[in-house]
Amino acid sequence: MYIEQGYKGLNELWRYAVGVIIIFIGWQFLGAGPLVLILLAKALETGDYPTDVASIANLLGSNLFFFLALLTFVVGFLALYLTVKYLHKQSFRSLTTSRKSIDWKRVFFTFFLWALISVGFIGLDIFISPEDYVYNFQPGPFLILLLIALIFIPIQTSFEEYFMRGYLMQGLGIAAKNRWVPLLVTSVFFGLLHIFNPEVAKIGYGVMVFYIGTGLFLGILTLMDEGLELALGFHAANNLTAAILVTAEWTAFQTNSIYKDISEPEIGWEVFAPVFIVYPIVLFILSKKYGWTNWKERLTGEVLTPADLDKIP
């Protein structure tokens with residue numbers, strides 16, 4: 001009973017409202033401070049005022065821009081941690097899982113499962129359409145990228161999971177007293193947070209199917225498994241492989257990756273196949289491995305009250 005873990009802290013609605021404000025200030029304002037200041041100083045120095053992600057990466061250098069962009073999530077994660085600990089007086093373990101301790105085997109299982117699938121799909125696309133890619137590997141910049149990615153991407157993805165599928169899922173579930181409202185709201189909100197990504201501007205709003213669908217998939221993982229562990233592993237693997245293996249001038253990640261995608265982007269199989277084919281297969285694999293049952297109740301049923309929980313032997 002993952003959502004009910006929110007009862008282990010102070011869960012009045014006003015606390016969640018204040019908490020969201022604190023987290024957003026830490027993430028979007030304080031966290032972005034170093035990036036904005038360094039970008040402004042560089043722009044004043046060169047007279048070049050970039051207006052898109054690719055131009056910013058070119059002005060600052062890919063690795064510095066990547067580091068500063070990820071730094072915003074470090075501050076956001078710290079703000080979330082302090083909010084949970086001091087405003088809600090809730091343990092981070094209860095925000096993570098309904099189990100007695102965090103199951104790291106679950107985290108690593110989905111990490112390696114999705115990393116293997118991601119590498120396979122990227123490798124297949126390079127094999128099928130080699131004209132769409134150029135070899136971009138430079139040992140020095142790549143090693144710096146690898147170091148930044150290994151340290152900071154797990155923090156970035158963990159922040160998003162703890163905020164979306166953790167903090168908001170529990171708060172909305174307790175407020176709505178059911179599971180389907182937090183599942184749908186957090187999925188749509190997760191998608192909308194990506195609406196200003198350069199991919200959306202380049203490809204169109206159809207790509208939101210992927211972002212909202214991914215949010216829904218991660219929400220299903222969390223509710224069916226009664227914890228964040230599987231979502232944490234999946235999300236880290238997804239972003240890590242994307243940052244290291246392939247970049248493009250129209251993506252949010254501008255990195256010194258191994259390959260660069262030079263194709264003209266369009267809405268295609270890579271948007272819809274994960275949501276409608278690959279994610280259901282992954283859910284089936286995980287359901288067999290972890291023995292998931294009673295899908296309807298876990299995804300749409302009522303959230304128990306503290307009085308209900310007291311009656312459980």
# chains A, B, ... in the order shown; residues from 1 in each chain; ligands from 1
$ select_by_dssp --residues "segment 229-265 of chain A" --states "alpha helix (DSSP H)" --output "list of chain:residue names"
A:Glu229, A:Leu230, A:Ala231, A:Leu232, A:Gly233, A:Phe234, A:His235, A:Ala236, A:Ala237, A:Asn238, A:Asn239, A:Leu240, A:Thr241, A:Ala242, A:Ala243, A:Ile244, A:Leu245
$ residues_around --residues "segment 150-162 of chain A" --least-positions-apart "4" --cutoff "9 Å" --atoms "only C-alpha atoms" --output "list in words"
Phe67, Leu70, Leu71, Thr72, Phe73, Val74, Gly76, Phe77, Leu78, Leu80, Leu95, Thr96, Leu145, Leu146, Gly166, Tyr167, Leu168, Phe190, Leu218, Leu228, Ala231, Leu232, Gly233, His235, Ala236, Ala237, Asn239, Leu240 and Ala243 of chain A
$ write_last_selection --atoms "C-alpha atoms" --output "mmCIF file, in the first residue's frame"
data_model
loop_
_atom_site.group_PDB
_atom_site.id
_atom_site.type_symbol
_atom_site.label_atom_id
_atom_site.label_comp_id
_atom_site.auth_asym_id
_atom_site.auth_seq_id
_atom_site.Cartn_x
_atom_site.Cartn_y
_atom_site.Cartn_z
ATOM 1 C CA PHE A 67 26.537 19.924 -15.793
ATOM 2 C CA LEU A 70 21.681 18.801 -14.157
ATOM 3 C CA LEU A 71 22.716 20.936 -11.188
ATOM 4 C CA THR A 72 19.181 22.360 -11.100
ATOM 5 C CA PHE A 73 17.895 18.892 -10.209
ATOM 6 C CA VAL A 74 20.451 18.492 -7.425
ATOM 7 C CA GLY A 76 15.537 20.450 -6.470
ATOM 8 C CA PHE A 77 16.256 17.093 -4.849
ATOM 9 C CA LEU A 78 17.678 18.820 -1.775
ATOM 10 C CA LEU A 80 12.338 17.962 -1.825
ATOM 11 C CA LEU A 95 8.334 8.071 0.419
ATOM 12 C CA THR A 96 10.280 5.437 -1.505
ATOM 13 C CA LEU A 145 30.529 13.577 -20.040
ATOM 14 C CA LEU A 146 30.562 10.032 -18.659
ATOM 15 C CA GLY A 166 6.370 9.822 -4.794
ATOM 16 C CA TYR A 167 5.463 13.169 -3.295
ATOM 17 C CA LEU A 168 2.612 14.101 -5.625
ATOM 18 C CA PHE A 190 4.976 14.682 -16.090
ATOM 19 C CA LEU A 218 6.072 4.786 -14.530
ATOM 20 C CA LEU A 228 9.372 3.597 -6.521
ATOM 21 C CA ALA A 231 10.601 3.384 -11.711
ATOM 22 C CA LEU A 232 13.887 4.693 -10.292
ATOM 23 C CA GLY A 233 15.914 2.068 -12.117
ATOM 24 C CA HIS A 235 14.257 6.243 -15.505
ATOM 25 C CA ALA A 236 17.973 6.317 -14.703
ATOM 26 C CA ALA A 237 18.749 3.796 -17.445
ATOM 27 C CA ASN A 239 18.298 9.042 -19.488
ATOM 28 C CA LEU A 240 21.796 7.670 -19.032
ATOM 29 C CA ALA A 243 22.918 11.109 -22.849
#
$ residues_around --residues "segment 202-211 of chain A" --least-positions-apart "6" --cutoff "8 Å" --atoms "only C-alpha atoms" --output "VMD selection string"
chain A and resid 190 to 192 194 to 195 250 265 to 267 271 to 272 274 to 275
$ residues_around --residues "Asn11 of chain A" --least-positions-apart "4" --cutoff "10 Å" --atoms "only C-alpha atoms" --output "VMD selection string"
chain A and resid 6 to 7 15 to 16 87 to 90 170 to 171 174 to 175
$ residues_around --residues "segment 45-49 of chain A" --least-positions-apart "4" --cutoff "12 Å" --atoms "only C-alpha atoms" --output "ChimeraX atom specification"
/A:36,38-41,53,55-60
$ write_last_selection --atoms "N, CA and C atoms" --output "PDB file, in the first residue's frame"
ATOM      1  N   VAL A  36      22.055  30.479 -15.235  1.00  0.00           N
ATOM      2  CA  VAL A  36      21.652  31.789 -15.740  1.00  0.00           C
ATOM      3  C   VAL A  36      22.789  32.791 -15.609  1.00  0.00           C
ATOM      4  N   ILE A  38      26.118  32.265 -15.308  1.00  0.00           N
ATOM      5  CA  ILE A  38      27.255  31.947 -16.185  1.00  0.00           C
ATOM      6  C   ILE A  38      26.898  32.231 -17.643  1.00  0.00           C
ATOM      7  N   LEU A  39      25.667  31.903 -18.030  1.00  0.00           N
ATOM      8  CA  LEU A  39      25.229  32.171 -19.397  1.00  0.00           C
ATOM      9  C   LEU A  39      25.200  33.666 -19.674  1.00  0.00           C
ATOM     10  N   LEU A  40      24.715  34.448 -18.706  1.00  0.00           N
ATOM     11  CA  LEU A  40      24.661  35.900 -18.879  1.00  0.00           C
ATOM     12  C   LEU A  40      26.060  36.486 -18.990  1.00  0.00           C
ATOM     13  N   ALA A  41      26.983  36.019 -18.132  1.00  0.00           N
ATOM     14  CA  ALA A  41      28.361  36.512 -18.182  1.00  0.00           C
ATOM     15  C   ALA A  41      29.010  36.188 -19.525  1.00  0.00           C
ATOM     16  N   VAL A  53      18.426  25.716 -27.078  1.00  0.00           N
ATOM     17  CA  VAL A  53      19.302  24.820 -26.328  1.00  0.00           C
ATOM     18  C   VAL A  53      20.613  24.574 -27.062  1.00  0.00           C
ATOM     19  N   SER A  55      22.182  26.450 -29.202  1.00  0.00           N
ATOM     20  CA  SER A  55      23.033  27.646 -29.169  1.00  0.00           C
ATOM     21  C   SER A  55      23.660  27.841 -27.792  1.00  0.00           C
ATOM     22  N   ILE A  56      22.900  27.562 -26.740  1.00  0.00           N
ATOM     23  CA  ILE A  56      23.439  27.668 -25.384  1.00  0.00           C
ATOM     24  C   ILE A  56      24.572  26.675 -25.185  1.00  0.00           C
ATOM     25  N   ALA A  57      24.365  25.445 -25.666  1.00  0.00           N
ATOM     26  CA  ALA A  57      25.400  24.413 -25.541  1.00  0.00           C
ATOM     27  C   ALA A  57      26.655  24.801 -26.301  1.00  0.00           C
ATOM     28  N   ASN A  58      26.490  25.413 -27.464  1.00  0.00           N
ATOM     29  CA  ASN A  58      27.646  25.851 -28.253  1.00  0.00           C
ATOM     30  C   ASN A  58      28.385  26.987 -27.558  1.00  0.00           C
ATOM     31  N   LEU A  59      27.645  27.882 -26.927  1.00  0.00           N
ATOM     32  CA  LEU A  59      28.266  29.031 -26.267  1.00  0.00           C
ATOM     33  C   LEU A  59      29.036  28.610 -25.017  1.00  0.00           C
ATOM     34  N   LEU A  60      28.427  27.752 -24.197  1.00  0.00           N
ATOM     35  CA  LEU A  60      29.049  27.359 -22.932  1.00  0.00           C
ATOM     36  C   LEU A  60      29.963  26.148 -23.070  1.00  0.00           C
TER      37      LEU A  60
END
$ atom_distance --atom1 "atom CA of Ser129 of chain A" --atom2 "atom CA of Ile244 of chain A"
19.2 Å
$ closest_residue --among "A:Arg99, A:Arg93, A:Lys260, A:Lys177" --to "Tyr135 of chain A" --atoms "only C-alpha atoms"
A:Lys260
$ residues_around --residues "Ile22 of chain A" --least-positions-apart "2" --cutoff "10 Å" --atoms "only C-alpha atoms" --output "VMD selection string"
chain A and resid 16 to 20 24 to 27 76 79 to 80 82 to 83
$ atom_distance --atom1 "atom CA of Trp295 of chain A" --atom2 "atom CA of Met224 of chain A"
7.0 Å
$ select_by_dssp --residues "segment 14-255 of chain A" --states "strand (DSSP E)" --output "ChimeraX atom specification"
/A:133-135,246-247
$ write_last_selection --atoms "C-alpha atoms" --output "CSV table (one decimal), in the first residue's frame"
chain,number,residue,atom,x,y,z
A,133,TYR,CA,24.1,9.2,-37.7
A,134,VAL,CA,27.7,10.5,-37.5
A,135,TYR,CA,30.4,9.1,-35.3
A,246,VAL,CA,23.2,9.7,-29.1
A,247,THR,CA,22.7,13.5,-29.2
$ atom_distance --atom1 "atom CA of Gly9 of chain A" --atom2 "atom CA of Ser94 of chain A"
8.8 Å
